[in-house]
Amino acid sequence: MPQDIFQIALEHHRGGRLREAEAGYRAALERDPQHADAAHWLGILLVQAGQPEAAVPLLERAVAAKPDDAAFVHNLAQACLNCGRADDAIATFDRAINLAPDRPDALLAAATARLARRAPGDADDALTLLKRAQLEGLGSPELHQYLAVALLTTGRVDEAIAECTIAIERNPEYAEAHYHLGVAHRQKGNVEEALSSMRRAVELQPEYPRACQNLAVLEAEVGRFPEAEALLRRVITLKPDARDAHQTLGLLLQRMGRYSDATVAFVGAMRAGRGELPRGGAPVRSSAAVAELERKITPRADAASLHFRLATQADIVPPSQVPAASVSKLFDRYADLFDEHLRSTLEYRAPELIVDAVKATNPGSSLDVLDLGCGTGLCGPLLRPIARTLAGVDLSPAMVEKARERDVYDRLEVKDILDTLRGSPQAWDLLVAADVLMYLGDLTLVFDAAVAALRPGGRFAFTVESGEGDRFQLGKQTHRFAHSRPYLEHLSRIFGFETETLEEITVRKEAGQPVRGLLAVLRLPQPET
């Protein structure tokens, strides 16, 4: 069973591993240049990475293959809009609306494209589209913010203020809504209200050039020249080609009596007007852009730990795993009591269930076996009779020392399981993970590493706690992940495993109640001869 490299790339994309996703999409397109989904999702990734120009040809290829897919057409239109091709974007958004007239997101996007183009009649058309989206049930802060923009453009300032107020009530940290509220107040002559709103927009989004420049003008109006200068210089740093920012800075410096500095600013304005200054956000190679986006979205260790704690208390998207340091500390403290508590109190029998299931597949008795997350080595004595070599790895030093006391392993290491798998290509006939994967939510990397570490015909045997839905959930009380049967079946299929066993089990008892789980034995097929 071959691997599905597109689906694997999609799992990487969902997990935030964007470089792996890009490589997978490109590999799928090399294998099949007409792979519409790979072209589409690679285009989406490049748009996310700020490379819409590179995305448009890919999205056009996807739309050519699936011309009636409203989502494909919509995403092509968005990429055209991001490139500044407002006419193309509007025509393509209208096509998406014709394919799916009741999609409020398409109506909203078509309205934003018209507001970006600013041709005669565009603001009125945008209002019509936004009202249609509202009738379809859309009530997001973005809807009300764009209603405000359209109303401002048509001179209906009081109504614009009302819409901005609704947007801010629904999202108090919506910088664009604060910005447009400031613009509306400025049009009515409410300078203090305009200053307050514009300052809040810049506070929420310091690298917001339009807000910084408009705030600079307001600060200058009330005599706060140094603050205005600092804001204008920030705009020029963000957008060196912003001719009006250079010009406004020159006028401000003249008012401050700094004539030589003003001359420098005016020269900058002339050079920007002739296109002699570097443009802000110059395009880079798509791979570099994707790598930079991944860097930005990957949390630091302290942020990852905070994310995990919040996810155990609130309904937010969980992280991909329990922080490794937390797992290591937990089991270091637990090592001396681990076996007794598991066996007597929790009636834990996962090692026996796994080994019995593996033996039922007739794997032979001379296997190179790796016990992933070996803990105190409960699996060791059960695996020893079928193992030629038996190795164990665990994050907890105290657990590994307990496993060493059993004197059944040929090698034991304190190490991350992914690092161990990646460091031993095609070295194992059997990988065992007894109650380990519940500390990982996204199992894509584990499956990927297992495929690389197994020899052809090798097996991956593991238990998980059983979850609902089509992926995985983080337990608020247990602080462990539960995985659904459809998710395991999906990963097994896309990574090319044959499923020998996937059955419901009781992994342990907690508070006297059985904990539902799944036991899997997956086999990596022999290559066809």
# chains A, B, ... in the order shown; residues from 1 in each chain; ligands from 1

call {"tool": "residues_around", "arguments": {"residues": "Ala245 (chain A)", "least_positions_apart": "5", "cutoff": "10 Å", "atoms": "only C-alpha atoms", "output": "PDB file with all heavy atoms, in the first residue's frame"}}
result
ATOM      1  N   PRO A 209       0.720  50.566   9.270  1.00  0.00           N
ATOM      2  CA  PRO A 209       1.191  51.839   8.704  1.00  0.00           C
ATOM      3  C   PRO A 209       0.117  52.919   8.601  1.00  0.00           C
ATOM      4  O   PRO A 209       0.354  54.075   8.953  1.00  0.00           O
ATOM      5  CB  PRO A 209       1.717  51.434   7.324  1.00  0.00           C
ATOM      6  CG  PRO A 209       2.079  49.997   7.463  1.00  0.00           C
ATOM      7  CD  PRO A 209       1.068  49.429   8.398  1.00  0.00           C
ATOM      8  N   ARG A 210      -1.075  52.559   8.104  1.00  0.00           N
ATOM      9  CA  ARG A 210      -2.110  53.586   7.932  1.00  0.00           C
ATOM     10  C   ARG A 210      -2.518  54.192   9.264  1.00  0.00           C
ATOM     11  O   ARG A 210      -2.707  55.411   9.379  1.00  0.00           O
ATOM     12  CB  ARG A 210      -3.331  52.990   7.244  1.00  0.00           C
ATOM     13  CG  ARG A 210      -3.186  52.834   5.743  1.00  0.00           C
ATOM     14  CD  ARG A 210      -4.525  52.525   5.113  1.00  0.00           C
ATOM     15  NE  ARG A 210      -5.100  51.304   5.669  1.00  0.00           N
ATOM     16  CZ  ARG A 210      -6.385  50.958   5.551  1.00  0.00           C
ATOM     17  NH1 ARG A 210      -7.229  51.759   4.930  1.00  0.00           N
ATOM     18  NH2 ARG A 210      -6.823  49.821   6.055  1.00  0.00           N
ATOM     19  N   CYS A 212      -0.661  54.330  12.003  1.00  0.00           N
ATOM     20  CA  CYS A 212       0.457  55.144  12.494  1.00  0.00           C
ATOM     21  C   CYS A 212       0.484  56.505  11.807  1.00  0.00           C
ATOM     22  O   CYS A 212       0.692  57.548  12.463  1.00  0.00           O
ATOM     23  CB  CYS A 212       1.780  54.413  12.262  1.00  0.00           C
ATOM     24  SG  CYS A 212       2.034  52.956  13.292  1.00  0.00           S
ATOM     25  N   GLN A 213       0.277  56.530  10.498  1.00  0.00           N
ATOM     26  CA  GLN A 213       0.346  57.797   9.760  1.00  0.00           C
ATOM     27  C   GLN A 213      -0.821  58.711  10.130  1.00  0.00           C
ATOM     28  O   GLN A 213      -0.631  59.916  10.326  1.00  0.00           O
ATOM     29  CB  GLN A 213       0.369  57.540   8.257  1.00  0.00           C
ATOM     30  CG  GLN A 213       0.568  58.808   7.446  1.00  0.00           C
ATOM     31  CD  GLN A 213       1.032  58.530   6.033  1.00  0.00           C
ATOM     32  OE1 GLN A 213       1.528  57.446   5.738  1.00  0.00           O
ATOM     33  NE2 GLN A 213       0.895  59.510   5.165  1.00  0.00           N
ATOM     34  N   ASN A 214      -2.012  58.157  10.227  1.00  0.00           N
ATOM     35  CA  ASN A 214      -3.150  58.990  10.604  1.00  0.00           C
ATOM     36  C   ASN A 214      -3.042  59.489  12.035  1.00  0.00           C
ATOM     37  O   ASN A 214      -3.414  60.633  12.335  1.00  0.00           O
ATOM     38  CB  ASN A 214      -4.453  58.219  10.404  1.00  0.00           C
ATOM     39  CG  ASN A 214      -4.927  58.246   8.970  1.00  0.00           C
ATOM     40  OD1 ASN A 214      -5.637  59.146   8.552  1.00  0.00           O
ATOM     41  ND2 ASN A 214      -4.506  57.247   8.201  1.00  0.00           N
ATOM     42  N   ALA A 216      -0.207  60.087  13.483  1.00  0.00           N
ATOM     43  CA  ALA A 216       0.830  61.123  13.421  1.00  0.00           C
ATOM     44  C   ALA A 216       0.219  62.472  13.046  1.00  0.00           C
ATOM     45  O   ALA A 216       0.547  63.515  13.640  1.00  0.00           O
ATOM     46  CB  ALA A 216       1.909  60.728  12.415  1.00  0.00           C
ATOM     47  N   LEU A 231       6.095  58.481  14.902  1.00  0.00           N
ATOM     48  CA  LEU A 231       5.136  57.641  14.185  1.00  0.00           C
ATOM     49  C   LEU A 231       5.414  57.633  12.687  1.00  0.00           C
ATOM     50  O   LEU A 231       5.355  56.587  12.032  1.00  0.00           O
ATOM     51  CB  LEU A 231       3.720  58.131  14.463  1.00  0.00           C
ATOM     52  CG  LEU A 231       3.168  57.814  15.861  1.00  0.00           C
ATOM     53  CD1 LEU A 231       1.985  58.717  16.182  1.00  0.00           C
ATOM     54  CD2 LEU A 231       2.755  56.348  15.951  1.00  0.00           C
ATOM     55  N   LEU A 232       5.719  58.781  12.119  1.00  0.00           N
ATOM     56  CA  LEU A 232       6.005  58.837  10.686  1.00  0.00           C
ATOM     57  C   LEU A 232       7.272  58.070  10.341  1.00  0.00           C
ATOM     58  O   LEU A 232       7.353  57.408   9.302  1.00  0.00           O
ATOM     59  CB  LEU A 232       6.112  60.295  10.241  1.00  0.00           C
ATOM     60  CG  LEU A 232       4.776  61.053  10.207  1.00  0.00           C
ATOM     61  CD1 LEU A 232       5.010  62.541  10.063  1.00  0.00           C
ATOM     62  CD2 LEU A 232       3.887  60.532   9.077  1.00  0.00           C
ATOM     63  N   ARG A 233       8.259  58.151  11.195  1.00  0.00           N
ATOM     64  CA  ARG A 233       9.490  57.387  10.932  1.00  0.00           C
ATOM     65  C   ARG A 233       9.225  55.882  11.044  1.00  0.00           C
ATOM     66  O   ARG A 233       9.841  55.076  10.338  1.00  0.00           O
ATOM     67  CB  ARG A 233      10.607  57.832  11.880  1.00  0.00           C
ATOM     68  CG  ARG A 233      11.066  59.268  11.625  1.00  0.00           C
ATOM     69  CD  ARG A 233      12.398  59.573  12.265  1.00  0.00           C
ATOM     70  NE  ARG A 233      12.788  60.959  12.065  1.00  0.00           N
ATOM     71  CZ  ARG A 233      13.346  61.436  10.956  1.00  0.00           C
ATOM     72  NH1 ARG A 233      13.558  60.635   9.923  1.00  0.00           N
ATOM     73  NH2 ARG A 233      13.682  62.709  10.858  1.00  0.00           N
ATOM     74  N   ARG A 234       8.290  55.500  11.905  1.00  0.00           N
ATOM     75  CA  ARG A 234       7.912  54.088  11.978  1.00  0.00           C
ATOM     76  C   ARG A 234       7.260  53.642  10.675  1.00  0.00           C
ATOM     77  O   ARG A 234       7.538  52.557  10.154  1.00  0.00           O
ATOM     78  CB  ARG A 234       6.951  53.841  13.142  1.00  0.00           C
ATOM     79  CG  ARG A 234       6.643  52.367  13.366  1.00  0.00           C
ATOM     80  CD  ARG A 234       5.515  52.150  14.358  1.00  0.00           C
ATOM     81  NE  ARG A 234       5.767  52.753  15.647  1.00  0.00           N
ATOM     82  CZ  ARG A 234       4.896  52.718  16.665  1.00  0.00           C
ATOM     83  NH1 ARG A 234       3.729  52.098  16.518  1.00  0.00           N
ATOM     84  NH2 ARG A 234       5.185  53.304  17.810  1.00  0.00           N
ATOM     85  N   VAL A 235       6.388  54.506  10.127  1.00  0.00           N
ATOM     86  CA  VAL A 235       5.748  54.178   8.854  1.00  0.00           C
ATOM     87  C   VAL A 235       6.790  53.989   7.766  1.00  0.00           C
ATOM     88  O   VAL A 235       6.735  53.035   6.968  1.00  0.00           O
ATOM     89  CB  VAL A 235       4.749  55.286   8.444  1.00  0.00           C
ATOM     90  CG1 VAL A 235       4.192  55.010   7.048  1.00  0.00           C
ATOM     91  CG2 VAL A 235       3.611  55.376   9.449  1.00  0.00           C
ATOM     92  N   ILE A 236       7.776  54.886   7.709  1.00  0.00           N
ATOM     93  CA  ILE A 236       8.803  54.813   6.662  1.00  0.00           C
ATOM     94  C   ILE A 236       9.658  53.565   6.834  1.00  0.00           C
ATOM     95  O   ILE A 236      10.079  52.943   5.848  1.00  0.00           O
ATOM     96  CB  ILE A 236       9.651  56.103   6.678  1.00  0.00           C
ATOM     97  CG1 ILE A 236       8.798  57.283   6.191  1.00  0.00           C
ATOM     98  CG2 ILE A 236      10.898  55.954   5.821  1.00  0.00           C
ATOM     99  CD1 ILE A 236       9.412  58.642   6.450  1.00  0.00           C
ATOM    100  N   LYS A 239       7.365  50.853   5.510  1.00  0.00           N
ATOM    101  CA  LYS A 239       7.103  50.986   4.072  1.00  0.00           C
ATOM    102  C   LYS A 239       8.009  52.073   3.498  1.00  0.00           C
ATOM    103  O   LYS A 239       7.596  53.233   3.373  1.00  0.00           O
ATOM    104  CB  LYS A 239       5.633  51.333   3.825  1.00  0.00           C
ATOM    105  CG  LYS A 239       4.649  50.248   4.224  1.00  0.00           C
ATOM    106  CD  LYS A 239       3.224  50.647   3.847  1.00  0.00           C
ATOM    107  CE  LYS A 239       3.059  50.748   2.354  1.00  0.00           C
ATOM    108  NZ  LYS A 239       1.675  51.090   1.944  1.00  0.00           N
ATOM    109  N   PRO A 240       9.241  51.730   3.169  1.00  0.00           N
ATOM    110  CA  PRO A 240      10.182  52.750   2.675  1.00  0.00           C
ATOM    111  C   PRO A 240       9.686  53.486   1.436  1.00  0.00           C
ATOM    112  O   PRO A 240      10.110  54.609   1.167  1.00  0.00           O
ATOM    113  CB  PRO A 240      11.442  51.936   2.364  1.00  0.00           C
ATOM    114  CG  PRO A 240      11.324  50.704   3.193  1.00  0.00           C
ATOM    115  CD  PRO A 240       9.868  50.406   3.269  1.00  0.00           C
ATOM    116  N   GLY A 250       8.355  65.625   6.006  1.00  0.00           N
ATOM    117  CA  GLY A 250       9.026  66.859   5.613  1.00  0.00           C
ATOM    118  C   GLY A 250       8.264  68.088   6.067  1.00  0.00           C
ATOM    119  O   GLY A 250       8.849  69.048   6.605  1.00  0.00           O
ATOM    120  N   LEU A 251       6.940  68.102   5.879  1.00  0.00           N
ATOM    121  CA  LEU A 251       6.125  69.235   6.303  1.00  0.00           C
ATOM    122  C   LEU A 251       6.168  69.417   7.821  1.00  0.00           C
ATOM    123  O   LEU A 251       6.229  70.544   8.330  1.00  0.00           O
ATOM    124  CB  LEU A 251       4.678  69.038   5.839  1.00  0.00           C
ATOM    125  CG  LEU A 251       4.456  69.061   4.317  1.00  0.00           C
ATOM    126  CD1 LEU A 251       3.039  68.621   3.982  1.00  0.00           C
ATOM    127  CD2 LEU A 251       4.748  70.449   3.755  1.00  0.00           C
ATOM    128  N   ALA A 265      13.802  64.611   4.067  1.00  0.00           N
ATOM    129  CA  ALA A 265      12.523  63.909   3.953  1.00  0.00           C
ATOM    130  C   ALA A 265      11.887  64.152   2.592  1.00  0.00           C
ATOM    131  O   ALA A 265      11.337  63.227   1.971  1.00  0.00           O
ATOM    132  CB  ALA A 265      11.577  64.358   5.072  1.00  0.00           C
ATOM    133  N   PHE A 266      11.966  65.381   2.081  1.00  0.00           N
ATOM    134  CA  PHE A 266      11.385  65.677   0.768  1.00  0.00           C
ATOM    135  C   PHE A 266      12.129  64.936  -0.347  1.00  0.00           C
ATOM    136  O   PHE A 266      11.515  64.474  -1.323  1.00  0.00           O
ATOM    137  CB  PHE A 266      11.387  67.185   0.505  1.00  0.00           C
ATOM    138  CG  PHE A 266      10.389  67.944   1.342  1.00  0.00           C
ATOM    139  CD1 PHE A 266      10.750  69.102   2.010  1.00  0.00           C
ATOM    140  CD2 PHE A 266       9.080  67.488   1.458  1.00  0.00           C
ATOM    141  CE1 PHE A 266       9.834  69.797   2.780  1.00  0.00           C
ATOM    142  CE2 PHE A 266       8.147  68.189   2.227  1.00  0.00           C
ATOM    143  CZ  PHE A 266       8.530  69.341   2.892  1.00  0.00           C
ATOM    144  N   GLY A 268      13.506  62.065   0.068  1.00  0.00           N
ATOM    145  CA  GLY A 268      12.983  60.705   0.189  1.00  0.00           C
ATOM    146  C   GLY A 268      11.648  60.559  -0.505  1.00  0.00           C
ATOM    147  O   GLY A 268      11.369  59.540  -1.156  1.00  0.00           O
ATOM    148  N   ALA A 269      10.787  61.584  -0.411  1.00  0.00           N
ATOM    149  CA  ALA A 269       9.486  61.542  -1.080  1.00  0.00           C
ATOM    150  C   ALA A 269       9.660  61.486  -2.590  1.00  0.00           C
ATOM    151  O   ALA A 269       8.955  60.730  -3.286  1.00  0.00           O
ATOM    152  CB  ALA A 269       8.660  62.757  -0.678  1.00  0.00           C
ATOM    153  N   ALA A 272      10.922  58.051  -3.572  1.00  0.00           N
ATOM    154  CA  ALA A 272       9.844  57.067  -3.478  1.00  0.00           C
ATOM    155  C   ALA A 272       8.898  57.208  -4.662  1.00  0.00           C
ATOM    156  O   ALA A 272       8.421  56.215  -5.230  1.00  0.00           O
ATOM    157  CB  ALA A 272       9.092  57.242  -2.161  1.00  0.00           C
TER     158      ALA A 272
END

call {"tool": "closest_atom_pairs", "arguments": {"of": "region 127-146 of chain A", "to": "region 84-98 of chain A", "cutoff": "12 Å", "atoms": "only C-alpha atoms", "output": "tab-separated table"}}
result
residue	atom	partner	partner_atom	distance
A:Leu129	CA	A:Ile97	CA	10.3
A:Arg132	CA	A:Ile97	CA	11.4
A:Ala133	CA	A:Ile97	CA	11.1

call {"tool": "residues_around", "arguments": {"residues": "Glu498 (chain A)", "least_positions_apart": "2", "cutoff": "7 Å", "atoms": "only C-alpha atoms", "output": "PyMOL selection string"}}
result
chain A and resi 496+500+522-525

call {"tool": "write_last_selection", "arguments": {"atoms": "C-alpha atoms", "output": "PDB file, in the first residue's frame"}}
result
ATOM      1  CA  GLY A 496       0.791   2.971   3.768  1.00  0.00           C
ATOM      2  CA  GLU A 500      -3.754  -6.166  11.297  1.00  0.00           C
ATOM      3  CA  LEU A 522      -0.048  -2.021  11.958  1.00  0.00           C
ATOM      4  CA  ARG A 523       2.233  -3.662   9.446  1.00  0.00           C
ATOM      5  CA  LEU A 524       4.510  -1.992   6.914  1.00  0.00           C
ATOM      6  CA  PRO A 525       4.105  -4.016   3.702  1.00  0.00           C
TER       7      PRO A 525
END

call {"tool": "closest_residue", "arguments": {"among": "A:Ala150, A:Ala220, A:Ile494, A:Cys83", "to": "Thr112 (chain A)", "atoms": "only C-alpha atoms"}}
result
A:Ala150

call {"tool": "closest_residue", "arguments": {"among": "A:Met438, A:Leu253, A:Leu18, A:Ile417", "to": "His479 (chain A)", "atoms": "only C-alpha atoms"}}
result
A:Met438

call {"tool": "select_by_dssp", "arguments": {"residues": "region 31-90 of chain A", "states": "helix (DSSP H, G or I)", "output": "NGL selection string"}}
result
:A and (31 or 36-48 or 52-65 or 70-82 or 86-90)

call {"tool": "closest_residue", "arguments": {"among": "A:Thr165, A:Gln473, A:Gln34, A:Ser466", "to": "Glu503 (chain A)", "atoms": "only C-alpha atoms"}}
result
A:Ser466

call {"tool": "closest_residue", "arguments": {"among": "A:Leu378, A:Gly467, A:Gly155, A:Ala453", "to": "Lys188 (chain A)", "atoms": "only C-alpha atoms"}}
result
A:Gly155

call {"tool": "residues_around", "arguments": {"residues": "Glu292 (chain A)", "least_positions_apart": "4", "cutoff": "8 Å", "atoms": "only C-alpha atoms", "output": "PyMOL selection string"}}
result
chain A and resi 49+288+296

call {"tool": "closest_residue", "arguments": {"among": "A:Leu412, A:Leu58, A:Leu147, A:Gln48", "to": "Tyr25 (chain A)", "atoms": "only C-alpha atoms"}}
result
A:Leu58

call {"tool": "residues_around", "arguments": {"residues": "region 41-47 of chain A", "least_positions_apart": "3", "cutoff": "6 Å", "atoms": "only C-alpha atoms", "output": "list in words"}}
result
Tyr25, Ala38, Gly50, Gln51, Pro52, Ala55, Leu58 and Leu59 of chain A

call {"tool": "residues_around", "arguments": {"residues": "Arg455 (chain A)", "least_positions_apart": "2", "cutoff": "7 Å", "atoms": "only C-alpha atoms", "output": "PyMOL selection string"}}
result
chain A and resi 426-429+453+457-458

call {"tool": "write_last_selection", "arguments": {"atoms": "C-alpha atoms", "output": "CSV table (one decimal), in the first residue's frame"}}
result
chain,number,residue,atom,x,y,z
A,426,GLN,CA,15.1,0.7,9.0
A,427,ALA,CA,16.5,-0.7,12.2
A,428,TRP,CA,13.5,-2.3,13.8
A,429,ASP,CA,11.1,-5.2,13.2
A,453,ALA,CA,12.5,3.3,11.4
A,457,GLY,CA,7.2,-6.1,7.0
A,458,GLY,CA,7.8,-4.5,10.4

call {"tool": "atom_distance", "arguments": {"atom1": "CA of Leu488 (chain A)", "atom2": "CA of Thr361 (chain A)"}}
result
19.3 Å

call {"tool": "select_by_dssp", "arguments": {"residues": "region 318-529 of chain A", "states": "strand (DSSP E or B)", "output": "ChimeraX atom specification"}}
result
/A:321,367-372,387-394,411-414,428-433,440,454-466,472-474,481-483,498-510,513-523

call {"tool": "decode", "arguments": {"residues": "region 481-506 of chain A", "atoms": "N, CA and C atoms", "output": "PDB file, in the first residue's frame"}}
result
ATOM      1  N   PHE A 481      -4.353  13.077  25.800  1.00  0.00           N
ATOM      2  CA  PHE A 481      -5.094  13.098  24.546  1.00  0.00           C
ATOM      3  C   PHE A 481      -5.831  11.782  24.335  1.00  0.00           C
ATOM      4  N   ALA A 482      -6.998  11.882  23.718  1.00  0.00           N
ATOM      5  CA  ALA A 482      -7.744  10.708  23.273  1.00  0.00           C
ATOM      6  C   ALA A 482      -7.863  10.784  21.755  1.00  0.00           C
ATOM      7  N   HIS A 483      -7.694   9.637  21.091  1.00  0.00           N
ATOM      8  CA  HIS A 483      -7.672   9.584  19.626  1.00  0.00           C
ATOM      9  C   HIS A 483      -8.839   8.738  19.131  1.00  0.00           C
ATOM     10  N   SER A 484      -9.425   9.180  18.029  1.00  0.00           N
ATOM     11  CA  SER A 484     -10.579   8.466  17.493  1.00  0.00           C
ATOM     12  C   SER A 484     -10.131   7.365  16.536  1.00  0.00           C
ATOM     13  N   ARG A 485     -11.000   6.375  16.385  1.00  0.00           N
ATOM     14  CA  ARG A 485     -10.744   5.305  15.425  1.00  0.00           C
ATOM     15  C   ARG A 485     -10.580   5.859  14.002  1.00  0.00           C
ATOM     16  N   PRO A 486     -11.476   6.775  13.528  1.00  0.00           N
ATOM     17  CA  PRO A 486     -11.285   7.300  12.162  1.00  0.00           C
ATOM     18  C   PRO A 486      -9.924   7.976  11.970  1.00  0.00           C
ATOM     19  N   TYR A 487      -9.414   8.632  13.010  1.00  0.00           N
ATOM     20  CA  TYR A 487      -8.112   9.299  12.884  1.00  0.00           C
ATOM     21  C   TYR A 487      -7.004   8.265  12.711  1.00  0.00           C
ATOM     22  N   LEU A 488      -7.028   7.205  13.508  1.00  0.00           N
ATOM     23  CA  LEU A 488      -6.003   6.165  13.386  1.00  0.00           C
ATOM     24  C   LEU A 488      -6.110   5.467  12.029  1.00  0.00           C
ATOM     25  N   GLU A 489      -7.338   5.210  11.576  1.00  0.00           N
ATOM     26  CA  GLU A 489      -7.513   4.577  10.262  1.00  0.00           C
ATOM     27  C   GLU A 489      -6.995   5.478   9.148  1.00  0.00           C
ATOM     28  N   HIS A 490      -7.257   6.775   9.277  1.00  0.00           N
ATOM     29  CA  HIS A 490      -6.785   7.745   8.272  1.00  0.00           C
ATOM     30  C   HIS A 490      -5.258   7.765   8.209  1.00  0.00           C
ATOM     31  N   LEU A 491      -4.604   7.875   9.368  1.00  0.00           N
ATOM     32  CA  LEU A 491      -3.140   7.904   9.385  1.00  0.00           C
ATOM     33  C   LEU A 491      -2.555   6.597   8.874  1.00  0.00           C
ATOM     34  N   SER A 492      -3.147   5.482   9.272  1.00  0.00           N
ATOM     35  CA  SER A 492      -2.647   4.184   8.807  1.00  0.00           C
ATOM     36  C   SER A 492      -2.704   4.101   7.287  1.00  0.00           C
ATOM     37  N   ARG A 493      -3.807   4.577   6.731  1.00  0.00           N
ATOM     38  CA  ARG A 493      -3.993   4.497   5.279  1.00  0.00           C
ATOM     39  C   ARG A 493      -3.005   5.409   4.544  1.00  0.00           C
ATOM     40  N   ILE A 494      -2.880   6.668   4.973  1.00  0.00           N
ATOM     41  CA  ILE A 494      -2.055   7.607   4.193  1.00  0.00           C
ATOM     42  C   ILE A 494      -0.567   7.302   4.331  1.00  0.00           C
ATOM     43  N   PHE A 495      -0.177   6.645   5.424  1.00  0.00           N
ATOM     44  CA  PHE A 495       1.229   6.278   5.579  1.00  0.00           C
ATOM     45  C   PHE A 495       1.544   4.892   5.023  1.00  0.00           C
ATOM     46  N   GLY A 496       0.536   4.222   4.463  1.00  0.00           N
ATOM     47  CA  GLY A 496       0.791   2.971   3.768  1.00  0.00           C
ATOM     48  C   GLY A 496       0.852   1.744   4.647  1.00  0.00           C
ATOM     49  N   PHE A 497       0.334   1.800   5.873  1.00  0.00           N
ATOM     50  CA  PHE A 497       0.303   0.629   6.744  1.00  0.00           C
ATOM     51  C   PHE A 497      -0.878  -0.282   6.400  1.00  0.00           C
ATOM     52  N   GLU A 498      -0.693  -1.555   6.624  1.00  0.00           N
ATOM     53  CA  GLU A 498      -1.801  -2.502   6.629  1.00  0.00           C
ATOM     54  C   GLU A 498      -2.252  -2.683   8.067  1.00  0.00           C
ATOM     55  N   THR A 499      -3.542  -2.634   8.316  1.00  0.00           N
ATOM     56  CA  THR A 499      -4.069  -2.762   9.677  1.00  0.00           C
ATOM     57  C   THR A 499      -4.333  -4.229   9.979  1.00  0.00           C
ATOM     58  N   GLU A 500      -3.547  -4.773  10.882  1.00  0.00           N
ATOM     59  CA  GLU A 500      -3.754  -6.166  11.297  1.00  0.00           C
ATOM     60  C   GLU A 500      -4.712  -6.249  12.481  1.00  0.00           C
ATOM     61  N   THR A 501      -4.650  -5.252  13.368  1.00  0.00           N
ATOM     62  CA  THR A 501      -5.534  -5.210  14.530  1.00  0.00           C
ATOM     63  C   THR A 501      -5.885  -3.759  14.815  1.00  0.00           C
ATOM     64  N   LEU A 502      -7.155  -3.490  15.048  1.00  0.00           N
ATOM     65  CA  LEU A 502      -7.594  -2.201  15.580  1.00  0.00           C
ATOM     66  C   LEU A 502      -8.873  -2.476  16.355  1.00  0.00           C
ATOM     67  N   GLU A 503      -8.723  -2.708  17.660  1.00  0.00           N
ATOM     68  CA  GLU A 503      -9.846  -3.180  18.462  1.00  0.00           C
ATOM     69  C   GLU A 503      -9.991  -2.351  19.733  1.00  0.00           C
ATOM     70  N   GLU A 504     -11.210  -2.349  20.251  1.00  0.00           N
ATOM     71  CA  GLU A 504     -11.495  -1.636  21.490  1.00  0.00           C
ATOM     72  C   GLU A 504     -10.991  -2.448  22.675  1.00  0.00           C
ATOM     73  N   ILE A 505     -10.411  -1.744  23.635  1.00  0.00           N
ATOM     74  CA  ILE A 505      -9.917  -2.386  24.862  1.00  0.00           C
ATOM     75  C   ILE A 505     -10.241  -1.479  26.048  1.00  0.00           C
ATOM     76  N   THR A 506     -10.016  -1.995  27.236  1.00  0.00           N
ATOM     77  CA  THR A 506      -9.995  -1.175  28.447  1.00  0.00           C
ATOM     78  C   THR A 506      -8.529  -0.981  28.822  1.00  0.00           C
TER      79      THR A 506
END
